[in-house]
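Trainee: Please find one structure pasted underneath; my questions will follow.
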Amino acid sequence: MNEVADKPLDIAGITYRSRLIIGSGKYKDFQENLAALETSGAEIITVAIRRVNLGQNSDEPNLLEVISPDTYTILPNTAGCYTAEDAVRTCRMARELLNGHKLVKLEVLGDQKTLYPNVTETVLAAETLVQDGFDVMVYTSDDPLIAKRLEEVGCIAVMPLGAPIGSGLGIRNPYNIRLILENASVPIIVDAGVGTASDASIAMELGCDGVLMNTAIAEAKQPVLMASAMRKAVESGREAFLAGRMPRRLYASASSPIDGTFF
């Protein structure tokens, strides 16, 4: 197979082999989470500071005792925050818990029913966090203008939703994702909405730099097996993007030319 040059995924100065990021919620325990992480090949795991113990509760199991920050990049996120103020406070808490760790995933939600991002509060929080020295990966809507604004604010990666968090609906608006990609100079990572391996492949075939998922793996009947499927889907989707798909045609096109046939 002819190798096609591919730019690496670079996040905050670190190059990653895997373009898959997984979460740490909804697993039956930390051991199952670790097994899924190892099988997925992911090198980054995102953690909800408000929901997962990283040492803030000394009498509860600590995720970092099972999933080592020496092996994996821990990506603290602000899940459960509905205002810029709460999100900024949560990121600062994560920095204290993780000994000055600057890389965070920002999400500011609009309401509990849709978990759709509140883009106004997201921009405000992003501005404050960037000024405070954080490396901000930001969850947002699939609005190309908002995505570009967040890049201009200084976010190091923009993460538009494929569909609402935990819905498993897949990539609902690939055209907006393409518009975001056309205008981006930072990594674009689809975050939320993936339900199965084909959804991850579609995101990668569009040209996204990566995919972040949690529920699609954690709520599968066999999470570790689904983690394996997602790893392959992300890899094959990236290869398909690099290969360049054939054009779509309205009419048939013979696989073998008829010129030069013998009869």
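Identifiers in this document derive from the order of the structure tokens: chains are assigned A, B, ..., residues are numbered from 1 separately in each chain, and ligands are numbered from 1 in order of occurrence.
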Return as JSON lines the residues of range 41-129 of chain A lying at most 12 Å from range 212-221 of chain A, together with the closest atom-to-atom pair for each and the distance in Å to one decimal, counting only C-alpha atoms, with rows in chain order and ascending residue number.
Mentor:
{"residue": "A:Ala42", "atom": "CA", "partner": "A:Leu212", "partner_atom": "CA", "distance": 9.8}
{"residue": "A:Glu43", "atom": "CA", "partner": "A:Leu212", "partner_atom": "CA", "distance": 11.5}
{"residue": "A:Ile44", "atom": "CA", "partner": "A:Leu212", "partner_atom": "CA", "distance": 9.4}
{"residue": "A:Ile45", "atom": "CA", "partner": "A:Leu212", "partner_atom": "CA", "distance": 9.1}
{"residue": "A:Thr46", "atom": "CA", "partner": "A:Leu212", "partner_atom": "CA", "distance": 8.7}
{"residue": "A:Val47", "atom": "CA", "partner": "A:Asn214", "partner_atom": "CA", "distance": 10.2}
{"residue": "A:Ala48", "atom": "CA", "partner": "A:Asn214", "partner_atom": "CA", "distance": 11.3}
{"residue": "A:Leu75", "atom": "CA", "partner": "A:Leu212", "partner_atom": "CA", "distance": 11.3}
{"residue": "A:Lys105", "atom": "CA", "partner": "A:Leu212", "partner_atom": "CA", "distance": 11.0}
Trainee: Can you list every residue of range 48-79 of chain A that has an atom at most 10 Å from range 87-102 of chain A, with its nearest atom pair and the distance in Å to one decimal, using only C-alpha atoms, ordered by chain then number, as JSON lines?
Mentor:
{"residue": "A:Ala48", "atom": "CA", "partner": "A:Thr90", "partner_atom": "CA", "distance": 9.5}
{"residue": "A:Ile49", "atom": "CA", "partner": "A:Ala94", "partner_atom": "CA", "distance": 6.7}
{"residue": "A:Arg50", "atom": "CA", "partner": "A:Thr90", "partner_atom": "CA", "distance": 7.7}
{"residue": "A:Leu54", "atom": "CA", "partner": "A:Leu97", "partner_atom": "CA", "distance": 7.1}
{"residue": "A:Gly55", "atom": "CA", "partner": "A:Leu97", "partner_atom": "CA", "distance": 7.0}
{"residue": "A:Gln56", "atom": "CA", "partner": "A:Leu97", "partner_atom": "CA", "distance": 7.2}
{"residue": "A:Leu64", "atom": "CA", "partner": "A:Leu98", "partner_atom": "CA", "distance": 10.0}
{"residue": "A:Pro69", "atom": "CA", "partner": "A:Leu98", "partner_atom": "CA", "distance": 9.2}
{"residue": "A:Ile74", "atom": "CA", "partner": "A:Leu98", "partner_atom": "CA", "distance": 8.9}
{"residue": "A:Leu75", "atom": "CA", "partner": "A:His101", "partner_atom": "CA", "distance": 9.1}
{"residue": "A:Pro76", "atom": "CA", "partner": "A:Ala94", "partner_atom": "CA", "distance": 6.5}
{"residue": "A:Asn77", "atom": "CA", "partner": "A:Cys91", "partner_atom": "CA", "distance": 7.4}
{"residue": "A:Thr78", "atom": "CA", "partner": "A:Ala87", "partner_atom": "CA", "distance": 5.6}
{"residue": "A:Ala79", "atom": "CA", "partner": "A:Ala87", "partner_atom": "CA", "distance": 8.3}
Trainee: From a DSSP calculation on the backbone, collect every residue of range 55-183 of chain A in strand (DSSP E or B) and output the set as a short mmCIF file (atom, residue, chain, number, x, y, z; two decimals) with C-alpha atoms, in the first residue's frame.
Mentor:
data_model
loop_
_atom_site.label_atom_id
_atom_site.label_comp_id
_atom_site.auth_asym_id
_atom_site.auth_seq_id
_atom_site.Cartn_x
_atom_site.Cartn_y
_atom_site.Cartn_z
CA THR A 73 -3.27 12.68 29.01
CA ILE A 74 -6.01 13.60 31.46
CA LEU A 75 -8.38 16.13 29.91
CA PRO A 76 -10.51 17.70 32.68
CA ASN A 77 -13.84 19.02 31.44
CA LEU A 103 -5.12 21.58 29.22
CA VAL A 104 -8.92 21.65 29.68
CA LYS A 105 -12.06 20.88 27.75
CA LEU A 106 -14.54 23.73 28.10
CA LEU A 109 -24.44 24.00 28.65
CA PRO A 117 -24.04 24.44 24.33
CA ASP A 135 -4.93 25.54 26.79
CA VAL A 136 -8.61 25.36 25.89
CA MET A 137 -10.31 22.69 23.81
CA VAL A 138 -13.87 23.90 23.43
CA TYR A 139 -17.20 22.11 22.91
CA THR A 140 -19.61 24.14 20.82
CA ALA A 157 -9.02 22.99 19.36
CA VAL A 158 -12.67 23.49 18.43
CA MET A 159 -15.08 20.63 19.09
CA PRO A 160 -18.44 20.97 17.32
#
Trainee: Expressed in Å to a single decimal, how great is the separation between CA of Phe30 in chain A and CA of Ala227 in chain A?
Mentor: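 Between these atoms lies a distance of 14.9 Å.
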Trainee: Identify all residues of range 59-91 of chain A in alpha helix (DSSP H) (DSSP on the backbone) and supply them as a list in words.
Mentor: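 Residues meeting the alpha helix (DSSP H) criterion: Ala84, Glu85, Asp86, Ala87, Val88, Arg89, Thr90 and Cys91 of chain A.
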Trainee: Please provide the set of residues having any atom within 8 Å of Thr196 in chain A, restricted to only C-alpha atoms, with same-chain residues fewer than 4 positions apart removed, written as a ChimeraX atom specification.
Mentor: /A:168,170,200,216,226,230
Trainee: Please compute the CA of Leu242 in chain A-CA of Asn176 in chain A distance, one decimal, in Å.
Mentor: 20.1 Å
Trainee: Could you pull the residues within 12 Å of Val186 in chain A, counting only C-alpha atoms, minus those fewer than 5 positions along the same chain, as a list in words?
Mentor: Leu9, Asp10, Ile11, Ala12, Val136, Met137, Val138, Ala147, Lys148, Arg149, Leu150, Glu151, Glu152, Val153, Gly154, Cys155, Ile156, Ala157, Val158, Met159, Ile180, Leu181, Cys208, Asp209 and Gly210 of chain A
Trainee: When you look at Leu225 in chain A with a cut-off of 9 Å (counting only C-alpha atoms), what residues show up, excluding the ones that are within fewer than 6 positions of it in the same chain? I need them as an MDAnalysis selection string.
Mentor: chainID A and resid 36 39:40 217
Trainee: At what distance in Å, to one decimal, does CA of Val211 in chain A lie from CA of Val123 in chain A?
Mentor: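 Atom-to-atom, CA of Val123 in chain A to CA of Val211 in chain A, that is 21.7 Å.
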Trainee: Just the residues within 8 Å of Ile171 in chain A, please, counting only C-alpha atoms, with nothing from its chain fewer than 2 positions along; format it as a PyMOL selection string.
Mentor: chain A and resi 162-163+169+173-174+193-194+199+202-203
